[in-house]
$ cat start-v2.cif   # mmCIF, C-alpha atoms (C1' of nucleotides)
data_protein
#
loop_
_atom_site.label_atom_id
_atom_site.label_comp_id
_atom_site.auth_asym_id
_atom_site.auth_seq_id
_atom_site.Cartn_x
_atom_site.Cartn_y
_atom_site.Cartn_z
CA MET F 149 -4.21 -13.37 -8.93
CA LYS F 150 -7.34 -15.45 -8.65
CA ARG F 151 -6.63 -19.09 -7.88
CA ARG F 152 -9.12 -21.91 -7.82
CA ARG F 153 -8.49 -25.60 -7.32
CA ILE F 154 -9.99 -27.49 -10.22
CA PRO F 155 -12.65 -29.93 -8.93
CA ARG F 156 -12.41 -33.62 -9.69
CA TYR F 157 -15.47 -33.61 -11.95
CA PHE F 158 -13.56 -31.41 -14.41
CA PHE F 159 -11.81 -34.64 -15.40
CA GLU F 160 -14.99 -36.68 -15.88
CA ARG F 161 -15.14 -35.87 -19.57
CA SER F 162 -13.48 -37.38 -22.63
CA ALA F 163 -9.69 -37.46 -22.66
CA VAL F 164 -9.62 -35.15 -25.68
CA GLU F 165 -11.90 -32.54 -24.09
CA VAL F 166 -9.92 -32.57 -20.86
CA SER F 167 -6.59 -32.49 -22.70
CA ARG F 168 -7.59 -29.33 -24.57
CA SER F 169 -9.06 -27.60 -21.55
CA ILE F 170 -6.19 -28.37 -19.14
CA LEU F 171 -3.77 -26.33 -21.27
CA GLY F 172 -2.93 -23.05 -19.54
CA LYS F 173 -4.00 -24.41 -16.14
CA TYR F 174 -1.44 -24.87 -13.35
CA LEU F 175 -0.11 -28.12 -11.94
CA VAL F 176 0.74 -27.62 -8.26
CA ALA F 177 2.33 -30.13 -5.91
CA SER F 178 4.16 -30.38 -2.65
CA ASP F 179 7.17 -32.63 -2.51
CA ARG F 180 8.27 -34.78 0.43
CA SER F 181 9.79 -31.83 2.26
CA GLY F 182 6.57 -29.82 1.90
CA LYS F 183 7.98 -27.41 -0.65
CA ILE F 184 5.39 -26.27 -3.20
CA LYS F 185 6.24 -26.45 -6.88
CA GLU F 186 4.07 -25.41 -9.78
CA GLY F 187 4.01 -25.10 -13.54
CA ARG F 188 1.76 -24.02 -16.39
CA VAL F 189 0.56 -26.98 -18.43
CA VAL F 190 1.58 -26.55 -22.06
CA GLU F 191 1.75 -30.05 -23.57
CA VAL F 192 -0.33 -33.21 -23.05
CA GLU F 193 -1.28 -36.39 -24.87
CA ALA F 194 -4.66 -38.15 -24.79
CA TYR F 195 -5.05 -41.91 -24.47
CA VAL F 196 -8.63 -42.40 -25.44
CA GLY F 197 -9.88 -45.80 -24.31
CA PRO F 198 -9.68 -49.59 -24.56
CA HIS F 199 -9.77 -49.37 -28.38
CA ASP F 200 -6.64 -47.17 -28.36
CA ARG F 201 -3.80 -49.47 -29.32
CA ALA F 202 -1.23 -47.17 -27.71
CA SER F 203 -3.01 -47.31 -24.34
CA HIS F 204 -1.81 -49.54 -21.54
CA ALA F 205 -5.47 -50.51 -21.12
CA TYR F 206 -5.81 -51.67 -24.73
CA LYS F 207 -8.60 -54.26 -25.01
CA GLY F 208 -9.63 -53.45 -21.46
CA LYS F 209 -6.75 -55.37 -19.94
CA ILE F 210 -6.34 -54.71 -16.20
CA THR F 211 -2.95 -55.25 -14.56
CA PRO F 212 -1.42 -54.18 -11.23
CA ARG F 213 0.29 -51.34 -13.06
CA ASN F 214 -2.67 -49.86 -14.94
CA LYS F 215 -5.60 -50.50 -12.59
CA ALA F 216 -5.86 -46.81 -11.64
CA GLU F 217 -6.85 -46.09 -15.24
CA PHE F 218 -10.18 -47.77 -14.54
CA LEU F 219 -11.10 -45.31 -11.79
CA ARG F 220 -13.33 -42.36 -12.68
CA GLY F 221 -11.72 -39.19 -13.94
CA GLY F 222 -9.52 -37.15 -11.61
CA TYR F 223 -7.19 -39.79 -10.21
CA VAL F 224 -3.45 -40.08 -10.80
CA TYR F 225 -2.11 -42.91 -12.94
CA ILE F 226 1.69 -42.93 -12.72
CA TYR F 227 4.14 -45.55 -13.93
CA LEU F 228 7.84 -46.10 -14.60
CA VAL F 229 9.24 -46.38 -18.13
CA TYR F 230 12.70 -47.43 -19.28
CA GLY F 231 13.51 -48.37 -15.73
CA MET F 232 14.15 -44.76 -14.77
CA TYR F 233 11.48 -42.24 -15.71
CA TRP F 234 8.06 -41.71 -14.16
CA GLN F 235 5.17 -40.63 -16.37
CA LEU F 236 2.33 -38.61 -14.83
CA ASN F 237 -1.15 -39.28 -16.18
CA ILE F 238 -4.54 -38.09 -14.95
CA VAL F 239 -7.49 -40.40 -15.51
CA THR F 240 -10.44 -38.95 -17.43
CA GLY F 241 -13.96 -40.09 -18.23
CA LYS F 242 -16.14 -42.56 -16.39
CA LYS F 243 -15.31 -45.35 -13.98
CA ASP F 244 -14.34 -48.58 -15.76
CA HIS F 245 -13.65 -46.71 -18.98
CA PRO F 246 -9.86 -46.42 -19.20
CA GLU F 247 -8.96 -43.01 -20.59
CA CYS F 248 -6.31 -40.61 -19.42
CA PHE F 249 -3.95 -37.88 -20.48
CA LEU F 250 -0.19 -37.79 -20.09
CA ILE F 251 1.35 -34.50 -18.99
CA ARG F 252 4.39 -33.97 -21.19
CA ALA F 253 5.54 -30.46 -20.31
CA VAL F 254 4.86 -27.54 -18.00
CA GLU F 255 6.45 -24.11 -17.86
CA THR F 256 8.09 -23.22 -14.56
CA GLU F 257 9.35 -19.95 -13.17
CA GLY F 258 12.87 -21.25 -12.80
CA ARG F 259 15.37 -22.46 -15.32
CA ALA F 260 13.88 -22.90 -18.79
CA GLY F 261 13.20 -26.50 -19.69
CA GLU F 262 13.46 -28.04 -16.22
CA ALA F 263 10.02 -29.62 -16.66
CA SER F 264 10.02 -30.08 -20.46
CA GLY F 265 9.39 -33.74 -21.11
CA PRO F 266 7.30 -36.27 -19.18
CA GLY F 267 10.27 -37.82 -17.40
CA LYS F 268 11.94 -34.53 -16.49
CA LEU F 269 8.68 -33.12 -15.24
CA CYS F 270 8.23 -35.95 -12.74
CA ARG F 271 11.83 -35.61 -11.61
CA TYR F 272 11.34 -31.86 -11.09
CA PHE F 273 8.16 -32.30 -9.03
CA GLY F 274 9.31 -35.45 -7.24
CA PHE F 275 6.45 -37.56 -8.62
CA ASP F 276 6.78 -41.30 -8.12
CA LYS F 277 4.70 -44.28 -7.03
CA ASP F 278 3.69 -42.47 -3.83
CA PHE F 279 1.34 -40.41 -6.02
CA TYR F 280 -0.36 -43.44 -7.56
CA GLY F 281 -4.15 -43.17 -7.26
CA GLU F 282 -4.17 -39.68 -5.67
CA ASP F 283 -7.45 -37.75 -6.11
CA VAL F 284 -6.50 -34.39 -7.65
CA GLY F 285 -9.78 -32.94 -6.33
CA LYS F 286 -8.76 -33.57 -2.70
CA SER F 287 -5.11 -34.54 -2.46
CA PRO F 288 -2.80 -32.35 -0.33
CA LYS F 289 0.09 -33.50 -2.55
CA ILE F 290 -1.08 -32.74 -6.08
CA TRP F 291 -3.78 -30.61 -7.66
CA PHE F 292 -4.53 -28.24 -10.54
CA GLU F 293 -5.44 -24.55 -10.37
CA ASP F 294 -7.41 -22.36 -12.72
CA ARG F 295 -5.83 -18.90 -12.78
CA ASN F 296 -8.28 -17.43 -15.24
CA GLU F 297 -6.02 -17.53 -18.24
CA LYS F 298 -8.19 -17.58 -21.34
CA ILE F 299 -6.99 -20.06 -23.96
CA PHE F 300 -8.51 -19.78 -27.42
CA PRO F 301 -8.77 -22.67 -29.88
CA LYS F 302 -6.43 -20.83 -32.22
CA ASN F 303 -3.71 -21.03 -29.57
CA ILE F 304 -3.92 -24.82 -29.38
CA ALA F 305 -1.98 -27.01 -31.78
CA CYS F 306 -2.26 -30.76 -32.16
CA SER F 307 -0.03 -33.43 -33.64
CA ARG F 308 0.69 -37.13 -33.35
CA ARG F 309 1.81 -38.66 -30.07
CA VAL F 310 5.44 -39.35 -29.25
CA GLY F 311 7.10 -42.74 -29.06
CA ILE F 312 4.18 -45.04 -29.85
CA ASP F 313 5.08 -46.45 -33.27
CA TYR F 314 4.38 -49.91 -31.86
CA ALA F 315 0.67 -49.04 -31.90
CA GLY F 316 0.63 -49.08 -35.69
CA ARG F 317 0.13 -46.47 -38.35
CA PHE F 318 -3.47 -45.56 -37.56
CA TRP F 319 -2.89 -44.77 -33.89
CA ALA F 320 0.61 -43.38 -34.37
CA LEU F 321 -0.77 -40.76 -36.75
CA ARG F 322 -3.88 -39.77 -34.79
CA LYS F 323 -3.58 -36.17 -33.63
CA LEU F 324 -3.90 -36.75 -29.91
CA ARG F 325 -1.06 -34.57 -28.64
CA PHE F 326 -2.13 -31.05 -27.72
CA TYR F 327 0.08 -28.09 -26.92
CA LEU F 328 0.06 -24.33 -26.66
CA LYS F 329 1.51 -22.64 -29.72
CA GLY F 330 4.54 -20.56 -28.96
CA SER F 331 5.61 -22.34 -25.80
CA SER F 332 9.35 -22.87 -25.67
CA VAL F 333 9.28 -26.21 -23.86
CA ILE F 334 7.39 -28.41 -26.30
CA THR F 335 8.89 -31.85 -26.99
CA LYS F 336 10.54 -32.20 -30.37
CA LEU F 337 8.90 -34.87 -32.50
CA ASN F 338 11.29 -37.76 -32.85
CA LYS F 339 11.40 -39.59 -36.11
CA SER F 340 8.71 -42.11 -36.84
CA LYS F 341 8.50 -44.94 -39.31
CA PHE F 342 5.14 -43.61 -40.47
"C1'" DG R 936 11.79 -68.89 -13.28
"C1'" DT R 937 13.41 -66.49 -17.56
"C1'" DA R 938 13.13 -63.24 -21.35
"C1'" DC R 939 12.17 -58.93 -23.24
"C1'" DA R 940 10.40 -54.39 -24.50
"C1'" DG R 941 9.14 -49.84 -23.17
"C1'" DA R 942 3.99 -43.21 -23.54
"C1'" DT R 943 12.54 -41.18 -22.16
"C1'" DT R 944 16.63 -38.69 -21.64
"C1'" DG R 945 21.20 -36.86 -22.20
"C1'" DA R 946 25.64 -37.71 -23.78
"C1'" DG R 947 28.81 -38.64 -27.83
"C1'" DT L 1456 23.34 -43.19 -32.43
"C1'" DC L 1457 23.10 -45.41 -28.14
"C1'" DA L 1458 23.30 -46.84 -23.25
"C1'" DA L 1459 21.18 -46.38 -18.71
"C1'" DT L 1460 18.06 -49.18 -15.76
"C1'" DC L 1461 13.97 -52.00 -13.92
"C1'" DT L 1462 9.06 -53.31 -13.83
"C1'" DG L 1463 5.23 -55.57 -15.84
"C1'" DT L 1464 3.88 -59.08 -18.73
"C1'" DA L 1465 4.16 -63.28 -21.44
"C1'" DC L 1466 5.79 -67.56 -21.83
"C1'" DT L 1467 8.27 -72.05 -20.24
#
$ encode --input "start-v2.cif" --output "C-alpha cells"
Amino acid sequence: MKRRRIPRYFFERSAVEVSRSILGKYLVASDRSGKIKEGRVVEVEAYVGPHDRASHAYKGKITPRNKAEFLRGGYVYIYLVYGMYWQLNIVTGKKDHPECFLIRAVETEGRAGEASGPGKLCRYFGFDKDFYGEDVGKSPKIWFEDRNEKIFPKNIACSRRVGIDYAGRFWALRKLRFYLKGSSVITKLNKSKF
DNA sequence: GTACAGATTGAG
DNA sequence: TCAATCTGTACT
C-alpha cells in the first residue's frame, strides 16, 4: 500500500476545506513507549475563525490554553475538557487566523469503537499536553498519511456540531461536522435545545 | 483568592 | 439522567 506523509501546507487552507479532505486519511502516532497506532479519520468538526461563537478563539481572544490556534495550519491544538478528556485539534488556515478542526472519530483495526469520540480517541492514542504545538508535517510523534483512498463528495455527510448549544442557535445549527457515510463509529447527536 | 462552566463519557 | 474531575477564565 502506498503511504505518504501529508505535508504541513495541506492544512493551510480553510477549516472546512481541510475538514472535508482529511476524511479517509490516516492519523498515525507513536505513544510514549514507541508503539505506533493508527486510524482512518471518519468524523471531524470545523471551528472556522474568530467570528465563530463556538470557537475558543471567539473574538480573537488569546489565552495560554488556545494560543496554538493562532499558529499557521498544521500544528496541534490540544486541550482538556470536563477535567478528564483531551480533545485533539489541528490548526488550519493562516498564522494569526484562529481556525482548526477537531478530530472526533477514527476507525482502528482493533476493537470496534475504541477511538469513537474525541475523548476516547485521545485516550486510545495517548494524546495529552505533550502533543501541544506539534508540527504534523515534521513531528516524530504524530502525523497523517494519504493512502490513496478516493473519497467522493457523495460519501461525505455533514450536520451540526456536538455539544455547543452555548454558542447560540445560529452557530449550533451550522453544518460544520463532517463524516463519512456508512462508518460505524460516528458520534450520536445528543439532544439540542435548537 | 474564589467561583464556575465546559468542543465528554459511561454507568444506572 | 447524572456524576466524575480539573483547568482556564472572570470576577472580587
$ residues_around --input "start-v2.cif" --residues "Ile238 (chain F)" --least-positions-apart "2" --cutoff "9 Å" --atoms "only C-alpha atoms (C1' of nucleotides)" --output "MDAnalysis selection string"
chainID F and resid 159 217 221:226 236 240 247:251 284
$ write_last_selection --input "start-v2.cif" --atoms "C-alpha atoms" --output "short mmCIF file (atom, residue, chain, number, x, y, z; two decimals), in the coordinates of the input"
data_model
loop_
_atom_site.label_atom_id
_atom_site.label_comp_id
_atom_site.auth_asym_id
_atom_site.auth_seq_id
_atom_site.Cartn_x
_atom_site.Cartn_y
_atom_site.Cartn_z
CA PHE F 159 -11.81 -34.64 -15.40
CA GLU F 217 -6.85 -46.09 -15.24
CA GLY F 221 -11.72 -39.19 -13.94
CA GLY F 222 -9.52 -37.15 -11.61
CA TYR F 223 -7.19 -39.79 -10.21
CA VAL F 224 -3.45 -40.08 -10.80
CA TYR F 225 -2.11 -42.91 -12.94
CA ILE F 226 1.69 -42.93 -12.72
CA LEU F 236 2.33 -38.61 -14.83
CA THR F 240 -10.44 -38.95 -17.43
CA GLU F 247 -8.96 -43.01 -20.59
CA CYS F 248 -6.31 -40.61 -19.42
CA PHE F 249 -3.95 -37.88 -20.48
CA LEU F 250 -0.19 -37.79 -20.09
CA ILE F 251 1.35 -34.50 -18.99
CA VAL F 284 -6.50 -34.39 -7.65
#
$ resolve_selection --input "start-v2.cif" --expression "the PyMOL selection byres ((chain F) within 8 of (chain R))" --output "ChimeraX atom specification"
/F:202,229-230,233,235,250,266-267,310-312
$ resolve_selection --input "start-v2.cif" --expression "the PyMOL selection byres ((chain F) within 8 of (chain L))" --output "list in words"
Arg213, Leu228, Tyr230, Gly231 and Met232 of chain F
$ atom_distance --input "start-v2.cif" --atom1 "CA of Ile304 (chain F)" --atom2 "CA of Ala205 (chain F)"
27.0 Å
$ resolve_selection --input "start-v2.cif" --expression "the PyMOL selection byres ((chain F and resi 177) around 9)" --output "JSON, numbers by chain"
{"F": [175, 176, 178, 179, 182, 183, 184, 185, 186, 273, 274, 275, 288, 289, 290, 291, 292]}
$ atom_distance --input "start-v2.cif" --atom1 "CA of Leu321 (chain F)" --atom2 "CA of Ser340 (chain F)"
9.6 Å
$ atom_distance --input "start-v2.cif" --atom1 "CA of Val166 (chain F)" --atom2 "CA of Arg152 (chain F)"
16.9 Å
$ closest_residue --input "start-v2.cif" --among "F:Lys215, F:Arg156, F:Lys323, F:Arg188" --to "Gly172 (chain F)" --atoms "only C-alpha atoms"
F:Arg188
$ residues_around --input "start-v2.cif" --residues "Ala253 (chain F)" --least-positions-apart "3" --cutoff "7 Å" --atoms "all atoms listed in the file" --output "ChimeraX atom specification"
/F:189-191,263-266,269,333-334
$ axis_aligned_box --input "start-v2.cif" --around "chain L" --padding-each-side "4 Å" --output "lines of an AutoDock Vina configuration file"
center_x = 13.6
center_y = -57.6
center_z = -23.1
size_x = 27.5
size_y = 36.9
size_z = 26.6
$ decode --input "start-v2.cif" --residues "region 171-195 of chain F" --atoms "N, CA and C atoms" --output "compact mmCIF listing (two decimals), in the first residue's frame"
# COMPACT_ATOMS: atom_id res chain seq x y z
N LEU F 171 -10.93 13.50 5.61
CA LEU F 171 -11.70 12.26 5.77
C LEU F 171 -11.11 11.17 4.88
N GLY F 172 -10.95 9.98 5.45
CA GLY F 172 -10.36 8.87 4.70
C GLY F 172 -8.84 8.84 4.77
N LYS F 173 -8.22 9.89 5.33
CA LYS F 173 -6.77 9.87 5.55
C LYS F 173 -6.50 9.17 6.88
N TYR F 174 -5.22 8.85 7.13
CA TYR F 174 -4.89 8.11 8.36
C TYR F 174 -4.15 8.98 9.36
N LEU F 175 -4.60 8.91 10.61
CA LEU F 175 -3.91 9.53 11.72
C LEU F 175 -2.96 8.49 12.30
N VAL F 176 -1.67 8.83 12.38
CA VAL F 176 -0.67 7.88 12.87
C VAL F 176 0.10 8.55 14.00
N ALA F 177 0.40 7.79 15.04
CA ALA F 177 1.12 8.38 16.17
C ALA F 177 1.89 7.31 16.91
N SER F 178 2.97 7.74 17.55
CA SER F 178 3.68 6.81 18.42
C SER F 178 3.47 7.27 19.85
N ASP F 179 3.16 6.34 20.70
CA ASP F 179 2.92 6.70 22.10
C ASP F 179 4.24 6.71 22.85
N ARG F 180 4.19 6.92 24.16
CA ARG F 180 5.41 7.10 24.95
C ARG F 180 6.35 5.90 24.86
N SER F 181 5.79 4.71 24.67
CA SER F 181 6.65 3.53 24.60
C SER F 181 7.15 3.28 23.18
N GLY F 182 6.78 4.14 22.23
CA GLY F 182 7.26 4.00 20.87
C GLY F 182 6.37 3.13 20.00
N LYS F 183 5.29 2.64 20.57
CA LYS F 183 4.37 1.80 19.80
C LYS F 183 3.55 2.68 18.85
N ILE F 184 3.45 2.23 17.58
CA ILE F 184 2.71 3.00 16.58
C ILE F 184 1.24 2.62 16.58
N LYS F 185 0.38 3.63 16.62
CA LYS F 185 -1.05 3.38 16.49
C LYS F 185 -1.57 4.23 15.35
N GLU F 186 -2.64 3.75 14.72
CA GLU F 186 -3.16 4.49 13.57
C GLU F 186 -4.65 4.26 13.43
N GLY F 187 -5.30 5.17 12.71
CA GLY F 187 -6.73 5.04 12.48
C GLY F 187 -7.16 5.88 11.29
N ARG F 188 -8.24 5.45 10.66
CA ARG F 188 -8.77 6.15 9.49
C ARG F 188 -9.75 7.22 9.97
N VAL F 189 -9.49 8.46 9.55
CA VAL F 189 -10.30 9.58 10.02
C VAL F 189 -11.69 9.53 9.38
N VAL F 190 -12.72 9.47 10.23
CA VAL F 190 -14.08 9.37 9.68
C VAL F 190 -15.03 10.47 10.18
N GLU F 191 -14.62 11.24 11.19
CA GLU F 191 -15.52 12.28 11.69
C GLU F 191 -14.72 13.44 12.26
N VAL F 192 -15.03 14.65 11.79
CA VAL F 192 -14.35 15.86 12.28
C VAL F 192 -15.35 17.01 12.39
N GLU F 193 -14.95 18.03 13.13
CA GLU F 193 -15.74 19.26 13.19
C GLU F 193 -14.85 20.44 12.90
N ALA F 194 -15.39 21.43 12.16
CA ALA F 194 -14.61 22.63 11.83
C ALA F 194 -14.98 23.77 12.78
N TYR F 195 -13.96 24.47 13.23
CA TYR F 195 -14.14 25.71 14.01
C TYR F 195 -13.49 26.80 13.18
